[in-house]
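Shown next, in structure tokens, is the structure this report addresses.
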Amino acid sequence: MNKGMKIRLRKTIELANVQVQEKVLDLGCGKQKTLQQFLPEATYIGLDLDGGNIECNLEMGLPEEIKKKRFDVIFLNEFIEHIENFKTILLECREILSEQGRIIISTPSNNRILYGDFWNGIGEHKMHIHCFRKTNIRNLAKICGLKVTKIKGTFIRIPPIIKLWFFLPTTQTIYTEVIIYRLEPETKETETEE
């Protein structure tokens with residue numbers, strides 16, 4: 001795991017505020033189930049097409065065995081942009097969310113998508129099916145009976161403007177690489193942005 005991924009994961013976990021013995025569901029967890037390593041006190045289930053505690057195709061929705069359970073925290077870490085049926089998945093997550101539960105969604109900012117080719121030489125827009133903005137996530141949450149209660153960004157340094165013999169060393173940030181959203185049942189109060 002690279003440094004950027006560690007920073008994003010730390011901020012995601014911080015925003016989730018997972019308590020001892022809470023039940024955690026990790027959608028799109030990957031083979032390593034990385035999140036589980038940071039939540040040793042929680043009851044963890046990871047889902048993914050190739051890996052996780054339960055292997056399943058999340059494009060088809062949540063598995064029946066998961067729909068019968070309740071979870072305190074549901075993570076969609078850099079996952080929602082990879083699937084077509086994101087609305088169905090979020091509706092199903094709302095159904096299995098405990099009364100005081102939270103859903104944590106981290107997804108690349110539209111800046112990262114737009115500038116991925118230029119700054120990183122990576123065709124990120126080709127890897128993702130969707131690009132979400134704050135308004136998209138807020139509207140999606142409302143449709144699903146949820147509300148965005150917190151937003152956190154993971155900022156990166158200004159990259160070199162021209163890749164020649166000089167570069168611009170700086171500690172300033174130019175844009176948020178990934179945005180992390182905390183969604184809770186609609187009865188919760190105000191939204192904060194960090």
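Convention: chains lettered A, B, ... in structure tokens order; per-chain residue numbering from 1; ligands numbered from 1 as shown.
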
Please report, as a tab-separated table, each residue of segment 72-97 of chain A lying at most 9 Å from segment 19-28 of chain A, together with the nearest pair of atoms and the separation in Å rounded to one decimal; use only C-alpha atoms, and order rows by chain and ascending residue number.
```
residue	atom	partner	partner_atom	distance
A:Asp72	CA	A:Lys23	CA	5.2
A:Val73	CA	A:Val24	CA	4.9
A:Ile74	CA	A:Leu25	CA	4.7
A:Phe75	CA	A:Asp26	CA	4.8
A:Leu76	CA	A:Leu27	CA	5.3
A:Asn77	CA	A:Gly28	CA	7.3
A:Glu78	CA	A:Gly28	CA	8.2
A:Phe79	CA	A:Gly28	CA	5.9
A:Ile80	CA	A:Gly28	CA	8.7
```

Q: State, in Å with one decimal place, the distance from atom CA of Lys33 of chain A to atom CA of Gly51 of chain A.
A: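 Those two atoms sit 7.9 Å apart.
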
Q) For Glu65 of chain A, which of A:Arg102, A:Val148, A:Pro108, A:Ile96 is the closest residue, counting only C-alpha atoms? A) A:Ile96

Q.
List the spatial neighbours of Ser98 of chain A as a VMD selection string - criterion: any atom at most 6 Å away, only C-alpha atoms, same-chain residues fewer than 3 positions off excluded.
A. chain A and resid 70 to 72 101

Could those residues be written to a file, using C-alpha atoms, as a PDB file, in the first residue's frame?
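File out37.pdb, as written:
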```
ATOM      1  CA  ARG A  70     -27.601  -5.437  10.171  1.00  0.00           C
ATOM      2  CA  PHE A  71     -24.399  -3.401  10.061  1.00  0.00           C
ATOM      3  CA  ASP A  72     -23.203  -0.378  12.017  1.00  0.00           C
ATOM      4  CA  GLY A 101     -25.289   3.336  11.453  1.00  0.00           C
TER       5      GLY A 101
END
```

Q | Separation of atom CA of Glu84 of chain A from atom CA of Arg133 of chain A in Å | A |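 Taking atom CA of Arg133 of chain A as the start and atom CA of Glu84 of chain A as the end point, the length is 16.2 Å.
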
Q: May I ask which of the residues A:Ile180, A:Leu9, A:Leu49, A:Leu91 is the closest one to Gly153 of chain A, counting only C-alpha atoms?
A: A:Ile180

(Q) To one decimal place in Å, what is the distance between atom CA of Thr34 of chain A and atom CA of His82 of chain A? (A) 18.3 Å
